[in-house]
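Asker: I'm passing along my_file.txt; it holds compact mmCIF, N, CA and C atoms.
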```txt
# COMPACT_ATOMS: atom_id res chain seq x y z
N MET A 18 36.77 -14.75 40.96
CA MET A 18 38.13 -14.29 40.71
C MET A 18 38.08 -12.87 40.15
N SER A 19 38.99 -12.03 40.57
CA SER A 19 39.02 -10.63 40.19
C SER A 19 39.54 -10.45 38.76
N GLU A 20 39.01 -9.43 38.07
CA GLU A 20 39.47 -9.08 36.72
C GLU A 20 40.89 -8.52 36.77
N LYS A 21 41.30 -7.95 37.90
CA LYS A 21 42.57 -7.26 38.03
C LYS A 21 43.70 -8.20 38.44
N ARG A 22 43.64 -9.46 38.09
CA ARG A 22 44.69 -10.41 38.45
C ARG A 22 46.01 -9.96 37.85
N THR A 23 47.08 -10.17 38.59
CA THR A 23 48.40 -9.83 38.09
C THR A 23 49.25 -11.09 38.02
N PHE A 24 50.34 -10.99 37.27
CA PHE A 24 51.20 -12.14 37.02
C PHE A 24 52.66 -11.73 37.17
N SER A 25 53.45 -12.64 37.67
CA SER A 25 54.90 -12.40 37.71
C SER A 25 55.49 -12.86 36.38
N ILE A 26 56.72 -12.46 36.14
CA ILE A 26 57.40 -12.86 34.91
C ILE A 26 57.57 -14.37 34.86
N SER A 27 57.83 -14.98 36.01
CA SER A 27 58.02 -16.45 36.02
C SER A 27 56.70 -17.18 35.77
N GLU A 28 55.58 -16.63 36.24
CA GLU A 28 54.28 -17.26 35.96
C GLU A 28 53.98 -17.24 34.46
N LEU A 29 54.21 -16.10 33.83
CA LEU A 29 53.97 -16.01 32.38
C LEU A 29 54.94 -16.90 31.62
N SER A 30 56.18 -16.93 32.07
CA SER A 30 57.19 -17.77 31.43
C SER A 30 56.76 -19.23 31.45
N GLN A 31 56.30 -19.69 32.59
CA GLN A 31 55.86 -21.09 32.70
C GLN A 31 54.58 -21.35 31.91
N GLU A 32 53.63 -20.44 32.00
CA GLU A 32 52.35 -20.64 31.32
C GLU A 32 52.52 -20.74 29.81
N PHE A 33 53.39 -19.89 29.24
CA PHE A 33 53.52 -19.84 27.79
C PHE A 33 54.78 -20.53 27.27
N ASP A 34 55.51 -21.16 28.18
CA ASP A 34 56.72 -21.90 27.80
C ASP A 34 57.70 -21.05 27.01
N VAL A 35 57.97 -19.86 27.53
CA VAL A 35 58.98 -18.97 26.97
C VAL A 35 59.93 -18.57 28.10
N THR A 36 61.09 -18.13 27.72
CA THR A 36 62.06 -17.73 28.74
C THR A 36 61.71 -16.35 29.30
N THR A 37 62.17 -16.11 30.52
CA THR A 37 61.99 -14.78 31.10
C THR A 37 62.75 -13.75 30.28
N ARG A 38 63.85 -14.17 29.70
CA ARG A 38 64.62 -13.27 28.85
C ARG A 38 63.79 -12.81 27.65
N SER A 39 63.02 -13.74 27.05
CA SER A 39 62.14 -13.37 25.92
C SER A 39 61.11 -12.35 26.36
N ILE A 40 60.53 -12.57 27.52
CA ILE A 40 59.51 -11.64 28.02
C ILE A 40 60.13 -10.26 28.25
N ARG A 41 61.33 -10.22 28.84
CA ARG A 41 62.01 -8.93 29.04
C ARG A 41 62.32 -8.27 27.69
N PHE A 42 62.68 -9.09 26.68
CA PHE A 42 62.94 -8.55 25.34
C PHE A 42 61.67 -7.91 24.77
N TYR A 43 60.53 -8.60 24.91
CA TYR A 43 59.27 -8.04 24.41
C TYR A 43 58.95 -6.73 25.14
N GLU A 44 59.29 -6.67 26.41
CA GLU A 44 59.10 -5.43 27.16
C GLU A 44 60.01 -4.34 26.59
N ASP A 45 61.28 -4.67 26.36
CA ASP A 45 62.23 -3.70 25.80
C ASP A 45 61.76 -3.17 24.44
N GLN A 46 61.07 -4.01 23.67
CA GLN A 46 60.57 -3.62 22.35
C GLN A 46 59.27 -2.83 22.43
N GLY A 47 58.76 -2.64 23.64
CA GLY A 47 57.53 -1.86 23.83
C GLY A 47 56.26 -2.65 23.60
N LEU A 48 56.37 -3.97 23.54
CA LEU A 48 55.19 -4.81 23.31
C LEU A 48 54.45 -5.11 24.61
N LEU A 49 55.17 -5.17 25.70
CA LEU A 49 54.58 -5.40 27.02
C LEU A 49 54.95 -4.22 27.91
N LYS A 50 54.03 -3.85 28.80
CA LYS A 50 54.26 -2.69 29.66
C LYS A 50 53.89 -3.01 31.11
N PRO A 51 54.69 -3.85 31.75
CA PRO A 51 54.37 -4.18 33.14
C PRO A 51 54.63 -2.99 34.06
N THR A 52 53.91 -2.97 35.17
CA THR A 52 54.21 -1.96 36.19
C THR A 52 55.36 -2.52 37.03
N ARG A 53 55.92 -1.68 37.86
CA ARG A 53 57.05 -2.10 38.69
C ARG A 53 56.72 -1.90 40.16
N ARG A 54 57.18 -2.84 40.94
CA ARG A 54 57.16 -2.70 42.39
C ARG A 54 58.60 -2.95 42.82
N GLY A 55 59.35 -1.86 42.92
CA GLY A 55 60.79 -1.99 43.13
C GLY A 55 61.41 -2.51 41.84
N GLN A 56 62.14 -3.63 41.94
CA GLN A 56 62.73 -4.27 40.76
C GLN A 56 61.81 -5.31 40.14
N THR A 57 60.69 -5.59 40.81
CA THR A 57 59.79 -6.66 40.37
C THR A 57 58.81 -6.16 39.31
N ARG A 58 58.70 -6.92 38.23
CA ARG A 58 57.74 -6.60 37.18
C ARG A 58 56.39 -7.21 37.56
N ILE A 59 55.35 -6.41 37.42
CA ILE A 59 53.99 -6.88 37.68
C ILE A 59 53.22 -6.78 36.36
N PHE A 60 52.86 -7.95 35.81
CA PHE A 60 52.17 -8.00 34.53
C PHE A 60 50.66 -8.07 34.75
N SER A 61 49.94 -7.30 33.96
CA SER A 61 48.48 -7.26 34.05
C SER A 61 47.86 -8.33 33.14
N THR A 62 46.56 -8.44 33.22
CA THR A 62 45.82 -9.33 32.33
C THR A 62 46.04 -8.89 30.88
N LYS A 63 46.09 -7.57 30.67
CA LYS A 63 46.34 -7.04 29.32
C LYS A 63 47.70 -7.50 28.81
N ASP A 64 48.73 -7.46 29.67
CA ASP A 64 50.06 -7.94 29.27
C ASP A 64 50.02 -9.42 28.94
N ARG A 65 49.28 -10.19 29.72
CA ARG A 65 49.16 -11.63 29.47
C ARG A 65 48.54 -11.89 28.10
N VAL A 66 47.47 -11.16 27.79
CA VAL A 66 46.81 -11.31 26.49
C VAL A 66 47.77 -10.90 25.37
N ARG A 67 48.49 -9.82 25.60
CA ARG A 67 49.45 -9.37 24.58
C ARG A 67 50.54 -10.40 24.35
N LEU A 68 51.04 -11.02 25.41
CA LEU A 68 52.07 -12.06 25.25
C LEU A 68 51.51 -13.21 24.43
N LYS A 69 50.29 -13.57 24.70
CA LYS A 69 49.63 -14.64 23.93
C LYS A 69 49.54 -14.25 22.45
N LEU A 70 49.18 -13.00 22.18
CA LEU A 70 49.08 -12.52 20.79
C LEU A 70 50.45 -12.43 20.13
N ILE A 71 51.47 -12.03 20.88
CA ILE A 71 52.84 -11.97 20.34
C ILE A 71 53.26 -13.36 19.87
N LEU A 72 53.03 -14.35 20.72
CA LEU A 72 53.44 -15.72 20.40
C LEU A 72 52.62 -16.29 19.24
N ARG A 73 51.34 -15.97 19.20
CA ARG A 73 50.50 -16.40 18.08
C ARG A 73 50.99 -15.75 16.78
N GLY A 74 51.30 -14.47 16.85
CA GLY A 74 51.82 -13.76 15.68
C GLY A 74 53.13 -14.37 15.20
N LYS A 75 54.00 -14.73 16.13
CA LYS A 75 55.27 -15.37 15.75
C LYS A 75 55.01 -16.67 14.99
N ARG A 76 54.08 -17.47 15.50
CA ARG A 76 53.75 -18.74 14.83
C ARG A 76 53.21 -18.50 13.42
N MET A 77 52.53 -17.37 13.24
CA MET A 77 51.96 -17.05 11.92
C MET A 77 52.96 -16.31 11.04
N GLY A 78 54.15 -16.04 11.57
CA GLY A 78 55.18 -15.40 10.77
C GLY A 78 55.21 -13.89 10.85
N PHE A 79 54.49 -13.31 11.79
CA PHE A 79 54.50 -11.86 11.94
C PHE A 79 55.83 -11.44 12.56
N SER A 80 56.35 -10.32 12.10
CA SER A 80 57.53 -9.74 12.76
C SER A 80 57.06 -9.04 14.03
N LEU A 81 58.00 -8.81 14.94
CA LEU A 81 57.64 -8.08 16.15
C LEU A 81 57.22 -6.65 15.81
N ALA A 82 57.82 -6.08 14.77
CA ALA A 82 57.44 -4.73 14.34
C ALA A 82 55.98 -4.70 13.88
N GLU A 83 55.57 -5.73 13.15
CA GLU A 83 54.17 -5.80 12.70
C GLU A 83 53.23 -5.96 13.89
N THR A 84 53.62 -6.78 14.83
CA THR A 84 52.80 -6.97 16.03
C THR A 84 52.70 -5.66 16.81
N LYS A 85 53.81 -4.98 16.95
CA LYS A 85 53.80 -3.69 17.67
C LYS A 85 52.91 -2.68 16.96
N GLU A 86 52.98 -2.65 15.64
CA GLU A 86 52.15 -1.72 14.88
C GLU A 86 50.67 -2.00 15.14
N LEU A 87 50.30 -3.27 15.17
CA LEU A 87 48.91 -3.62 15.46
C LEU A 87 48.52 -3.22 16.89
N PHE A 88 49.41 -3.45 17.84
CA PHE A 88 49.14 -3.04 19.22
C PHE A 88 48.98 -1.53 19.31
N ASP A 89 49.86 -0.80 18.62
CA ASP A 89 49.78 0.67 18.66
C ASP A 89 48.47 1.16 18.07
N LEU A 90 48.03 0.54 16.99
CA LEU A 90 46.74 0.92 16.39
C LEU A 90 45.59 0.64 17.36
N TRP A 91 45.68 -0.48 18.05
CA TRP A 91 44.64 -0.84 19.02
C TRP A 91 44.63 0.16 20.16
N ASP A 92 45.82 0.58 20.60
CA ASP A 92 45.92 1.49 21.74
C ASP A 92 45.37 2.88 21.44
N GLU A 93 45.23 3.22 20.15
CA GLU A 93 44.69 4.54 19.78
C GLU A 93 43.23 4.68 20.18
N THR A 94 42.53 3.56 20.32
CA THR A 94 41.11 3.59 20.68
C THR A 94 40.87 2.60 21.80
N LEU A 95 39.69 2.59 22.31
CA LEU A 95 39.35 1.64 23.38
C LEU A 95 39.10 0.24 22.85
N THR A 96 38.63 0.13 21.60
CA THR A 96 38.25 -1.19 21.09
C THR A 96 38.89 -1.52 19.75
N GLY A 97 39.93 -0.79 19.35
CA GLY A 97 40.50 -1.02 18.03
C GLY A 97 39.70 -0.26 17.00
N ASN A 98 40.09 -0.39 15.75
CA ASN A 98 39.36 0.37 14.74
C ASN A 98 39.55 -0.24 13.36
N GLU A 99 38.92 0.39 12.40
CA GLU A 99 38.98 -0.07 11.02
C GLU A 99 40.41 -0.09 10.50
N LYS A 100 41.19 0.92 10.87
CA LYS A 100 42.58 1.00 10.44
C LYS A 100 43.37 -0.23 10.90
N GLN A 101 43.14 -0.64 12.14
CA GLN A 101 43.83 -1.81 12.68
C GLN A 101 43.40 -3.07 11.93
N LEU A 102 42.12 -3.22 11.69
CA LEU A 102 41.62 -4.40 11.00
C LEU A 102 42.15 -4.47 9.57
N LEU A 103 42.20 -3.32 8.89
CA LEU A 103 42.73 -3.30 7.54
C LEU A 103 44.22 -3.66 7.53
N LYS A 104 44.96 -3.16 8.52
CA LYS A 104 46.38 -3.48 8.62
C LYS A 104 46.56 -4.97 8.87
N MET A 105 45.74 -5.54 9.74
CA MET A 105 45.81 -6.97 10.03
C MET A 105 45.55 -7.78 8.76
N LEU A 106 44.56 -7.40 7.99
CA LEU A 106 44.26 -8.09 6.73
C LEU A 106 45.42 -7.98 5.75
N GLU A 107 46.05 -6.81 5.71
CA GLU A 107 47.20 -6.60 4.83
C GLU A 107 48.37 -7.52 5.23
N ILE A 108 48.63 -7.60 6.52
CA ILE A 108 49.72 -8.46 7.00
C ILE A 108 49.41 -9.93 6.72
N LEU A 109 48.16 -10.33 6.98
CA LEU A 109 47.77 -11.72 6.72
C LEU A 109 47.91 -12.08 5.24
N GLU A 110 47.49 -11.17 4.37
CA GLU A 110 47.60 -11.43 2.93
C GLU A 110 49.06 -11.58 2.51
N ALA A 111 49.91 -10.70 3.02
CA ALA A 111 51.34 -10.77 2.68
C ALA A 111 51.95 -12.06 3.20
N ARG A 112 51.59 -12.44 4.40
CA ARG A 112 52.13 -13.67 4.99
C ARG A 112 51.65 -14.89 4.21
N ARG A 113 50.39 -14.88 3.81
CA ARG A 113 49.84 -15.99 3.02
C ARG A 113 50.58 -16.12 1.69
N GLU A 114 50.88 -14.97 1.06
CA GLU A 114 51.63 -15.00 -0.21
C GLU A 114 53.03 -15.58 0.01
N GLN A 115 53.67 -15.22 1.12
CA GLN A 115 54.98 -15.76 1.44
C GLN A 115 54.91 -17.28 1.61
N LEU A 116 53.90 -17.74 2.33
CA LEU A 116 53.74 -19.18 2.56
C LEU A 116 53.48 -19.92 1.25
N GLU A 117 52.66 -19.34 0.38
CA GLU A 117 52.40 -19.96 -0.92
C GLU A 117 53.69 -20.07 -1.72
N GLN A 118 54.51 -19.02 -1.70
CA GLN A 118 55.78 -19.05 -2.41
C GLN A 118 56.69 -20.13 -1.83
N GLN A 119 56.71 -20.22 -0.51
CA GLN A 119 57.53 -21.26 0.13
C GLN A 119 57.05 -22.65 -0.25
N LYS A 120 55.72 -22.84 -0.30
CA LYS A 120 55.19 -24.13 -0.72
C LYS A 120 55.61 -24.46 -2.15
N ASN A 121 55.54 -23.46 -3.03
CA ASN A 121 55.96 -23.66 -4.43
C ASN A 121 57.44 -23.98 -4.51
N ASP A 122 58.24 -23.26 -3.71
CA ASP A 122 59.69 -23.50 -3.70
C ASP A 122 59.99 -24.92 -3.20
N ILE A 123 59.28 -25.36 -2.19
CA ILE A 123 59.48 -26.71 -1.66
C ILE A 123 59.09 -27.75 -2.70
N ALA A 124 57.97 -27.55 -3.36
CA ALA A 124 57.53 -28.49 -4.40
C ALA A 124 58.56 -28.57 -5.53
N GLN A 125 59.10 -27.42 -5.93
CA GLN A 125 60.13 -27.39 -6.97
C GLN A 125 61.38 -28.13 -6.51
N ALA A 126 61.80 -27.90 -5.28
CA ALA A 126 62.98 -28.57 -4.74
C ALA A 126 62.76 -30.08 -4.69
N GLU A 127 61.57 -30.51 -4.30
CA GLU A 127 61.27 -31.95 -4.26
C GLU A 127 61.33 -32.57 -5.65
N MET A 128 60.81 -31.85 -6.66
CA MET A 128 60.87 -32.36 -8.03
C MET A 128 62.31 -32.49 -8.49
N GLU A 129 63.13 -31.49 -8.17
CA GLU A 129 64.54 -31.54 -8.56
C GLU A 129 65.26 -32.69 -7.85
N MET A 130 64.92 -32.90 -6.58
CA MET A 130 65.53 -34.01 -5.83
C MET A 130 65.10 -35.36 -6.42
N ASP A 131 63.83 -35.47 -6.77
CA ASP A 131 63.33 -36.71 -7.38
C ASP A 131 64.07 -37.00 -8.68
N THR A 132 64.26 -35.96 -9.50
CA THR A 132 64.98 -36.12 -10.76
C THR A 132 66.43 -36.54 -10.51
N ALA A 133 67.08 -35.87 -9.59
CA ALA A 133 68.48 -36.20 -9.28
C ALA A 133 68.59 -37.62 -8.72
N GLU A 134 67.66 -38.00 -7.88
CA GLU A 134 67.68 -39.35 -7.31
C GLU A 134 67.49 -40.40 -8.41
N ALA A 135 66.53 -40.16 -9.30
CA ALA A 135 66.27 -41.10 -10.40
C ALA A 135 67.51 -41.24 -11.29
N ARG A 136 68.16 -40.12 -11.58
CA ARG A 136 69.38 -40.16 -12.42
C ARG A 136 70.49 -40.94 -11.70
N CYS A 137 70.66 -40.71 -10.43
CA CYS A 137 71.69 -41.42 -9.66
C CYS A 137 71.41 -42.92 -9.63
N ARG A 138 70.17 -43.29 -9.40
CA ARG A 138 69.82 -44.72 -9.35
C ARG A 138 70.05 -45.37 -10.72
N GLU A 139 69.69 -44.65 -11.78
CA GLU A 139 69.87 -45.16 -13.13
C GLU A 139 71.37 -45.32 -13.44
N ALA A 140 72.15 -44.32 -13.09
CA ALA A 140 73.60 -44.38 -13.33
C ALA A 140 74.23 -45.50 -12.51
N LEU A 141 73.79 -45.69 -11.29
CA LEU A 141 74.31 -46.76 -10.44
C LEU A 141 73.96 -48.13 -11.02
N ALA A 142 72.72 -48.28 -11.49
CA ALA A 142 72.31 -49.55 -12.09
C ALA A 142 73.13 -49.84 -13.35
N ASP A 143 73.36 -48.82 -14.18
CA ASP A 143 74.18 -48.99 -15.38
C ASP A 143 75.60 -49.39 -15.01
N LEU A 144 76.16 -48.75 -14.01
CA LEU A 144 77.52 -49.05 -13.57
C LEU A 144 77.62 -50.48 -13.05
N GLN A 145 76.62 -50.90 -12.28
CA GLN A 145 76.63 -52.26 -11.74
C GLN A 145 76.49 -53.30 -12.86
N LYS A 146 75.68 -53.01 -13.88
CA LYS A 146 75.54 -53.92 -15.01
C LYS A 146 76.86 -54.06 -15.76
N LYS A 147 77.56 -52.93 -15.97
CA LYS A 147 78.86 -52.96 -16.65
C LYS A 147 79.86 -53.79 -15.86
N LYS A 148 79.86 -53.64 -14.56
CA LYS A 148 80.78 -54.40 -13.72
C LYS A 148 80.48 -55.90 -13.80
N GLU A 149 79.20 -56.24 -13.80
CA GLU A 149 78.81 -57.65 -13.89
C GLU A 149 79.27 -58.24 -15.22
N LYS A 150 79.13 -57.46 -16.30
CA LYS A 150 79.56 -57.94 -17.62
C LYS A 150 81.07 -58.15 -17.67
N GLN A 151 81.79 -57.30 -16.93
CA GLN A 151 83.25 -57.41 -16.92
C GLN A 151 83.73 -58.43 -15.89
N GLY A 152 82.81 -58.95 -15.10
CA GLY A 152 83.16 -59.94 -14.10
C GLY A 152 83.76 -59.33 -12.84
N ILE A 153 83.56 -58.06 -12.64
CA ILE A 153 84.05 -57.40 -11.43
C ILE A 153 82.91 -57.35 -10.43
N ALA A 154 83.17 -57.90 -9.26
CA ALA A 154 82.13 -57.92 -8.23
C ALA A 154 82.13 -56.58 -7.49
N SER A 155 80.96 -56.10 -7.19
CA SER A 155 80.85 -54.88 -6.40
C SER A 155 81.01 -55.26 -4.94
N PRO A 156 81.29 -54.31 -4.06
CA PRO A 156 81.43 -54.64 -2.63
C PRO A 156 80.19 -55.35 -2.09
N ASP A 157 79.00 -54.96 -2.53
CA ASP A 157 77.78 -55.62 -2.08
C ASP A 157 77.76 -57.07 -2.55
N THR A 158 78.19 -57.31 -3.78
CA THR A 158 78.19 -58.66 -4.34
C THR A 158 79.21 -59.52 -3.60
N GLU A 159 80.38 -58.96 -3.29
CA GLU A 159 81.40 -59.70 -2.55
C GLU A 159 80.90 -60.14 -1.20
N GLU A 160 80.18 -59.26 -0.50
CA GLU A 160 79.64 -59.60 0.82
C GLU A 160 78.63 -60.72 0.69
N ALA A 161 77.80 -60.67 -0.34
CA ALA A 161 76.79 -61.68 -0.54
C ALA A 161 77.44 -63.04 -0.81
N VAL A 162 78.50 -63.07 -1.59
CA VAL A 162 79.20 -64.31 -1.90
C VAL A 162 79.89 -64.85 -0.65
N ALA A 163 80.50 -63.97 0.13
CA ALA A 163 81.22 -64.39 1.34
C ALA A 163 80.27 -64.94 2.39
N SER A 164 79.04 -64.47 2.42
CA SER A 164 78.12 -64.94 3.46
C SER A 164 77.46 -66.25 3.10
N ARG A 165 77.66 -66.76 1.88
CA ARG A 165 77.03 -68.03 1.46
C ARG A 165 77.72 -69.20 2.00
```
So, in terms of structure tokens, how does the structure I just supplied come out?
Answerer:
Amino acid sequence: MSEKRTFSISELSQEFDVTTRSIRFYEDQGLLKPTRRGQTRIFSTKDRVRLKLILRGKRMGFSLAETKELFDLWDETLTGNEKQLLKMLEILEARREQLEQQKNDIAQAEMEMDTAEARCREALADLQKKKEKQGIASPDTEEAVASR
């Protein structure tokens, strides 16, 4: 198989399970640079790899601007450079800090929910005990009595 394989927009769309509109958007943002044959976009192997990296970056929380910056740094040389690697490490560190904060926020929210749930259950139990002492049946108690 030749290294110079090309892809249509629909082939990439199917392969990566993204819409053709998304691919055109990435092109508009300067992330993909297909050649044209009339109105038809012809994507190279490089474009295919870039689309894969764009989608991986999205899953990792990278903005399209960050992805473009990394691509631009790579394009400055044939094989990338120290500047690109340092930028990638900087983005990864920032994203990891964001994820850690989100994990902490989620843990805090869960603790608050647990506390609220415990208070509600305790208040409900107290209310039901008071009703029982007063001889007032709760709707659940009425159903239980009616089904006997």
Asker: Counting only C-alpha atoms, which residues have an atom no more than 9 Å from (56.0, -7.8, 26.9) in the file's coordinates? Please list them as a VMD selection string.
Answerer: chain A and resid 39 to 51 60 64 to 65 67 to 68 71
Asker: For the structure I just gave you, how does DSSP split chain A - specifically, which residues are strand (DSSP E or B)? Reply as JSON, numbers by chain.
Answerer: {"A": [24, 52, 53, 54, 57, 58, 59, 60]}
Asker: What are the centre and the three edge lengths of an axis-aligned box that wraps all atoms of range 34-51 of chain A in the file, given that 4 Å is added to every side, written as JSON and rounded to one decimal in Å?
Answerer:
```
{"center_x": 59.3, "center_y": -11.9, "center_z": 28.2, "size_x": 18.7, "size_y": 28.0, "size_z": 19.7}
```
Asker: Rounded to one decimal, what separation in Å do you get between CA of Glu83 in chain A and CA of Ile108 in chain A?
Answerer: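 Computed distance, CA of Glu83 in chain A to CA of Ile108 in chain A, equals 7.7 Å.
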Asker: Pick from A:Arg112, A:Arg138, A:Glu107, A:Lys100: nearest to Lys75 in chain A, with only C-alpha atoms counted?
Answerer: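 Once distances to Lys75 in chain A are computed over only C-alpha atoms, the minimum belongs to A:Arg112.
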Asker: Distance atom C of Thr57 in chain A-atom N of Arg76 in chain A, one decimal place?
Answerer: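 Interatomic distance here is 26.8 Å.
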